[in-house]
Amino acid sequence: MALATISEDSAFMMWNVRDKMPFSSHKIRGDDRPSSLTFVDDSMIIGRKNGTVFQLLPVMGCQVLSTVKFVNDDHDPLMSRHTNYDSRIQTLWMANNRRDSMIAFKLNFDPSAPLPGGDDVGRSSYFDQAVEFSGLKPMIYFVTLTAATDPTGDEAHTACVSAKVPLGEHALVAFSVHSSGV
């Protein structure tokens, strides 16, 4: 059991929960201060610049494997991006509080590919595909329902009934918080 922290100066630390001692520490290079940290299988994603830059790294390393940058002509300091990871389909879901859509990034984890720099720790990972889905309103926050968070499927069933969406197999069931409600 561990806890991860990343400071404003990009110092990443993994802490042992039992003895409250750090067991791993790295300085992660990046263009701006970190704004989020998300674990994805054997990797992690560090968000920077209010969620306009995302770096994919191995959990126990400091080598950036892949980067996604969202370009905006006008830097909006109030813009933010919220992410959730669905390990079932190895997809990182993103919502921006200024766009009425969600973006899905399929991650590729290739255990046979060497890591950049010849490091043998972990496996090579990268952002593989991106798809944008239009929505009704820009989202402030959202929660995805996955097999881990909703093992019986009861919450997903309730969400589909509430949203008047036909029941069946869905790629994503989520509760979205926006300016006019949920």
# chains A, B, ... in the order shown; residues from 1 in each chain; ligands from 1
call {"tool": "select_by_dssp", "arguments": {"residues": "range 29-107 of chain A", "states": "strand (DSSP E or B)", "output": "ChimeraX atom specification"}}
result
/A:34-40,43-48,53-58,66-69,81-86,91-96,101-107
call {"tool": "closest_residue", "arguments": {"among": "A:Ala130, A:Val68, A:Val40, A:Met94", "to": "Phe54 in chain A", "atoms": "only C-alpha atoms"}}
result
A:Val68
call {"tool": "residues_around", "arguments": {"residues": "range 18-21 of chain A", "least_positions_apart": "2", "cutoff": "9 Å", "atoms": "only C-alpha atoms", "output": "list in words"}}
result
Met1, Ala2, Met14, Trp15, Asn16 and Phe23 of chain A
call {"tool": "closest_residue", "arguments": {"among": "A:Pro34, A:Ala156, A:Asp42, A:Lys137", "to": "Asn108 in chain A", "atoms": "only C-alpha atoms"}}
result
A:Asp42
call {"tool": "closest_residue", "arguments": {"among": "A:Val17, A:Asp86, A:Ser36, A:Phe70", "to": "Asp150 in chain A", "atoms": "only C-alpha atoms"}}
result
A:Asp86
call {"tool": "residues_around", "arguments": {"residues": "Pro166 in chain A", "least_positions_apart": "6", "cutoff": "12 Å", "atoms": "only C-alpha atoms", "output": "CSV table (one decimal) with N, CA, C and O atoms, in the first residue's frame"}}
result
chain,number,residue,atom,x,y,z
A,156,ALA,N,-24.7,1.7,-12.9
A,156,ALA,CA,-24.8,1.9,-14.3
A,156,ALA,C,-26.2,1.7,-14.8
A,156,ALA,O,-26.7,2.5,-15.6
A,157,HIS,N,-26.9,0.7,-14.3
A,157,HIS,CA,-28.3,0.5,-14.7
A,157,HIS,C,-29.2,1.7,-14.3
A,157,HIS,O,-30.0,2.2,-15.1
A,158,THR,N,-29.0,2.2,-13.1
A,158,THR,CA,-29.7,3.4,-12.6
A,158,THR,C,-29.4,4.6,-13.4
A,158,THR,O,-30.3,5.4,-13.8
A,159,ALA,N,-28.1,4.8,-13.8
A,159,ALA,CA,-27.7,6.0,-14.6
A,159,ALA,C,-28.4,5.9,-16.0
A,159,ALA,O,-28.8,6.9,-16.5
A,160,CYS,N,-28.4,4.7,-16.6
A,160,CYS,CA,-29.0,4.6,-17.9
A,160,CYS,C,-30.5,4.9,-17.8
A,160,CYS,O,-31.1,5.5,-18.7
A,173,VAL,N,-20.2,4.7,-18.8
A,173,VAL,CA,-21.4,5.2,-18.1
A,173,VAL,C,-20.8,6.1,-17.0
A,173,VAL,O,-19.9,5.7,-16.3
call {"tool": "closest_residue", "arguments": {"among": "A:Asp41, A:Asp9, A:Asp31, A:Glu132", "to": "Phe109 in chain A", "atoms": "only C-alpha atoms"}}
result
A:Asp41
call {"tool": "atom_distance", "arguments": {"atom1": "CA of Ser66 in chain A", "atom2": "CA of Thr91 in chain A"}}
result
14.6 Å
call {"tool": "atom_distance", "arguments": {"atom1": "CA of Ser101 in chain A", "atom2": "CA of Arg33 in chain A"}}
result
25.3 Å
call {"tool": "closest_residue", "arguments": {"among": "A:Ser25, A:Thr83, A:Gln129, A:Ser7", "to": "Phe105 in chain A", "atoms": "only C-alpha atoms"}}
result
A:Gln129
call {"tool": "atom_distance", "arguments": {"atom1": "CA of Val165 in chain A", "atom2": "CA of Ser134 in chain A"}}
result
15.9 Å
call {"tool": "decode", "arguments": {"residues": "range 1-126 of chain A", "atoms": "C-alpha atoms", "output": "PDB file, in the first residue's frame"}}
result
ATOM      1  CA  MET A   1       0.000   0.000   0.000  1.00  0.00           C
ATOM      2  CA  ALA A   2       1.438   3.305  -1.106  1.00  0.00           C
ATOM      3  CA  LEU A   3       0.550   6.946  -1.493  1.00  0.00           C
ATOM      4  CA  ALA A   4       1.995   9.176  -4.215  1.00  0.00           C
ATOM      5  CA  THR A   5       2.597  12.910  -4.099  1.00  0.00           C
ATOM      6  CA  ILE A   6       3.918  15.426  -6.580  1.00  0.00           C
ATOM      7  CA  SER A   7       4.964  18.897  -5.516  1.00  0.00           C
ATOM      8  CA  GLU A   8       4.811  22.184  -7.414  1.00  0.00           C
ATOM      9  CA  ASP A   9       8.504  21.785  -8.293  1.00  0.00           C
ATOM     10  CA  SER A  10       7.744  18.351  -9.878  1.00  0.00           C
ATOM     11  CA  ALA A  11       9.269  16.238  -7.095  1.00  0.00           C
ATOM     12  CA  PHE A  12       7.411  12.902  -7.244  1.00  0.00           C
ATOM     13  CA  MET A  13       7.467  10.690  -4.130  1.00  0.00           C
ATOM     14  CA  MET A  14       5.973   7.295  -3.314  1.00  0.00           C
ATOM     15  CA  TRP A  15       5.265   6.762   0.394  1.00  0.00           C
ATOM     16  CA  ASN A  16       4.809   3.485   2.266  1.00  0.00           C
ATOM     17  CA  VAL A  17       1.493   3.849   4.100  1.00  0.00           C
ATOM     18  CA  ARG A  18       2.459   1.495   6.936  1.00  0.00           C
ATOM     19  CA  ASP A  19       5.685   3.141   8.070  1.00  0.00           C
ATOM     20  CA  LYS A  20       4.961   6.603   6.563  1.00  0.00           C
ATOM     21  CA  MET A  21       8.366   6.669   4.868  1.00  0.00           C
ATOM     22  CA  PRO A  22       9.181   7.504   1.234  1.00  0.00           C
ATOM     23  CA  PHE A  23      10.586   4.616  -0.800  1.00  0.00           C
ATOM     24  CA  SER A  24      10.914   6.290  -4.197  1.00  0.00           C
ATOM     25  CA  SER A  25      11.680   9.851  -5.239  1.00  0.00           C
ATOM     26  CA  HIS A  26      12.167  11.387  -8.691  1.00  0.00           C
ATOM     27  CA  LYS A  27      12.234  14.827 -10.234  1.00  0.00           C
ATOM     28  CA  ILE A  28       9.909  14.742 -13.272  1.00  0.00           C
ATOM     29  CA  ARG A  29      10.842  17.139 -16.079  1.00  0.00           C
ATOM     30  CA  GLY A  30       8.078  19.235 -17.574  1.00  0.00           C
ATOM     31  CA  ASP A  31       7.154  22.630 -18.993  1.00  0.00           C
ATOM     32  CA  ASP A  32       4.969  23.827 -16.145  1.00  0.00           C
ATOM     33  CA  ARG A  33       3.934  22.930 -12.619  1.00  0.00           C
ATOM     34  CA  PRO A  34       1.926  19.711 -12.144  1.00  0.00           C
ATOM     35  CA  SER A  35      -1.858  19.962 -11.799  1.00  0.00           C
ATOM     36  CA  SER A  36      -2.843  16.266 -11.488  1.00  0.00           C
ATOM     37  CA  LEU A  37      -1.547  12.747 -10.947  1.00  0.00           C
ATOM     38  CA  THR A  38      -3.430   9.664 -12.207  1.00  0.00           C
ATOM     39  CA  PHE A  39      -2.359   6.022 -11.959  1.00  0.00           C
ATOM     40  CA  VAL A  40      -3.026   3.871 -15.034  1.00  0.00           C
ATOM     41  CA  ASP A  41      -2.155   0.180 -14.700  1.00  0.00           C
ATOM     42  CA  ASP A  42       1.679   0.016 -14.358  1.00  0.00           C
ATOM     43  CA  SER A  43       2.107   3.666 -15.339  1.00  0.00           C
ATOM     44  CA  MET A  44       1.100   7.141 -14.230  1.00  0.00           C
ATOM     45  CA  ILE A  45      -0.044  10.305 -15.938  1.00  0.00           C
ATOM     46  CA  ILE A  46       1.045  13.725 -14.755  1.00  0.00           C
ATOM     47  CA  GLY A  47      -1.158  16.618 -15.864  1.00  0.00           C
ATOM     48  CA  ARG A  48       0.410  20.060 -16.221  1.00  0.00           C
ATOM     49  CA  LYS A  49      -0.761  23.576 -17.108  1.00  0.00           C
ATOM     50  CA  ASN A  50      -4.305  23.026 -15.742  1.00  0.00           C
ATOM     51  CA  GLY A  51      -4.672  19.794 -17.690  1.00  0.00           C
ATOM     52  CA  THR A  52      -3.476  20.994 -21.081  1.00  0.00           C
ATOM     53  CA  VAL A  53      -0.337  18.804 -21.031  1.00  0.00           C
ATOM     54  CA  PHE A  54      -0.304  15.128 -20.015  1.00  0.00           C
ATOM     55  CA  GLN A  55       2.846  13.055 -19.551  1.00  0.00           C
ATOM     56  CA  LEU A  56       2.767   9.234 -19.406  1.00  0.00           C
ATOM     57  CA  LEU A  57       5.530   7.657 -17.270  1.00  0.00           C
ATOM     58  CA  PRO A  58       6.305   4.281 -15.700  1.00  0.00           C
ATOM     59  CA  VAL A  59       5.316   4.254 -12.006  1.00  0.00           C
ATOM     60  CA  MET A  60       8.840   3.636 -10.743  1.00  0.00           C
ATOM     61  CA  GLY A  61      10.678   5.826 -13.246  1.00  0.00           C
ATOM     62  CA  CYS A  62      11.148   9.419 -14.330  1.00  0.00           C
ATOM     63  CA  GLN A  63      11.430   8.880 -18.108  1.00  0.00           C
ATOM     64  CA  VAL A  64       8.482  10.460 -19.985  1.00  0.00           C
ATOM     65  CA  LEU A  65       7.211   7.810 -22.415  1.00  0.00           C
ATOM     66  CA  SER A  66       4.545   9.825 -24.217  1.00  0.00           C
ATOM     67  CA  THR A  67       3.078  13.345 -24.085  1.00  0.00           C
ATOM     68  CA  VAL A  68      -0.215  14.890 -25.176  1.00  0.00           C
ATOM     69  CA  LYS A  69      -0.489  18.681 -25.479  1.00  0.00           C
ATOM     70  CA  PHE A  70      -3.707  20.598 -26.015  1.00  0.00           C
ATOM     71  CA  VAL A  71      -3.032  23.880 -27.814  1.00  0.00           C
ATOM     72  CA  ASN A  72      -5.055  26.975 -27.004  1.00  0.00           C
ATOM     73  CA  ASP A  73      -4.452  30.396 -28.572  1.00  0.00           C
ATOM     74  CA  ASP A  74      -5.622  32.234 -25.445  1.00  0.00           C
ATOM     75  CA  HIS A  75      -4.195  30.852 -22.205  1.00  0.00           C
ATOM     76  CA  ASP A  76      -7.195  30.632 -19.885  1.00  0.00           C
ATOM     77  CA  PRO A  77      -6.045  30.345 -16.244  1.00  0.00           C
ATOM     78  CA  LEU A  78      -9.522  29.152 -15.193  1.00  0.00           C
ATOM     79  CA  MET A  79      -9.587  26.292 -17.704  1.00  0.00           C
ATOM     80  CA  SER A  80      -9.187  22.841 -16.220  1.00  0.00           C
ATOM     81  CA  ARG A  81      -9.432  19.271 -17.388  1.00  0.00           C
ATOM     82  CA  HIS A  82     -10.638  16.355 -15.290  1.00  0.00           C
ATOM     83  CA  THR A  83      -9.533  12.779 -15.998  1.00  0.00           C
ATOM     84  CA  ASN A  84     -10.664   9.276 -15.089  1.00  0.00           C
ATOM     85  CA  TYR A  85      -9.050   6.009 -16.133  1.00  0.00           C
ATOM     86  CA  ASP A  86     -10.960   2.871 -17.104  1.00  0.00           C
ATOM     87  CA  SER A  87      -8.576  -0.084 -16.762  1.00  0.00           C
ATOM     88  CA  ARG A  88     -11.172  -2.423 -18.277  1.00  0.00           C
ATOM     89  CA  ILE A  89     -10.661  -0.842 -21.706  1.00  0.00           C
ATOM     90  CA  GLN A  90      -7.310   0.905 -20.984  1.00  0.00           C
ATOM     91  CA  THR A  91      -8.789   4.305 -21.754  1.00  0.00           C
ATOM     92  CA  LEU A  92      -8.171   7.695 -20.182  1.00  0.00           C
ATOM     93  CA  TRP A  93     -11.310   9.836 -20.299  1.00  0.00           C
ATOM     94  CA  MET A  94     -10.948  13.644 -20.193  1.00  0.00           C
ATOM     95  CA  ALA A  95     -13.444  16.449 -19.838  1.00  0.00           C
ATOM     96  CA  ASN A  96     -12.650  20.152 -20.142  1.00  0.00           C
ATOM     97  CA  ASN A  97     -14.658  22.781 -18.280  1.00  0.00           C
ATOM     98  CA  ARG A  98     -14.614  24.961 -21.439  1.00  0.00           C
ATOM     99  CA  ARG A  99     -15.653  22.314 -24.035  1.00  0.00           C
ATOM    100  CA  ASP A 100     -18.952  20.461 -24.360  1.00  0.00           C
ATOM    101  CA  SER A 101     -17.292  17.128 -25.059  1.00  0.00           C
ATOM    102  CA  MET A 102     -15.262  14.264 -23.642  1.00  0.00           C
ATOM    103  CA  ILE A 103     -12.022  12.998 -25.099  1.00  0.00           C
ATOM    104  CA  ALA A 104     -10.984   9.359 -24.857  1.00  0.00           C
ATOM    105  CA  PHE A 105      -7.319   8.359 -25.103  1.00  0.00           C
ATOM    106  CA  LYS A 106      -6.640   4.681 -25.671  1.00  0.00           C
ATOM    107  CA  LEU A 107      -3.385   3.720 -23.992  1.00  0.00           C
ATOM    108  CA  ASN A 108      -1.083   1.078 -25.401  1.00  0.00           C
ATOM    109  CA  PHE A 109       1.071  -0.952 -23.032  1.00  0.00           C
ATOM    110  CA  ASP A 110       3.706  -2.894 -24.956  1.00  0.00           C
ATOM    111  CA  PRO A 111       5.704  -5.178 -22.632  1.00  0.00           C
ATOM    112  CA  SER A 112       8.052  -6.258 -25.449  1.00  0.00           C
ATOM    113  CA  ALA A 113       9.071  -2.745 -26.519  1.00  0.00           C
ATOM    114  CA  PRO A 114      12.153  -1.283 -24.820  1.00  0.00           C
ATOM    115  CA  LEU A 115      11.758   1.829 -22.737  1.00  0.00           C
ATOM    116  CA  PRO A 116      13.401   5.008 -24.062  1.00  0.00           C
ATOM    117  CA  GLY A 117      16.977   5.384 -22.818  1.00  0.00           C
ATOM    118  CA  GLY A 118      17.531   1.626 -22.524  1.00  0.00           C
ATOM    119  CA  ASP A 119      15.940   1.389 -19.070  1.00  0.00           C
ATOM    120  CA  ASP A 120      14.719  -2.156 -18.410  1.00  0.00           C
ATOM    121  CA  VAL A 121      12.283  -1.196 -15.629  1.00  0.00           C
ATOM    122  CA  GLY A 122       8.596  -1.460 -16.601  1.00  0.00           C
ATOM    123  CA  ARG A 123       7.234  -1.571 -20.110  1.00  0.00           C
ATOM    124  CA  SER A 124       6.808   0.880 -22.931  1.00  0.00           C
ATOM    125  CA  SER A 125       3.519   2.779 -22.894  1.00  0.00           C
ATOM    126  CA  TYR A 126       2.068   5.475 -25.118  1.00  0.00           C
TER     127      TYR A 126
END
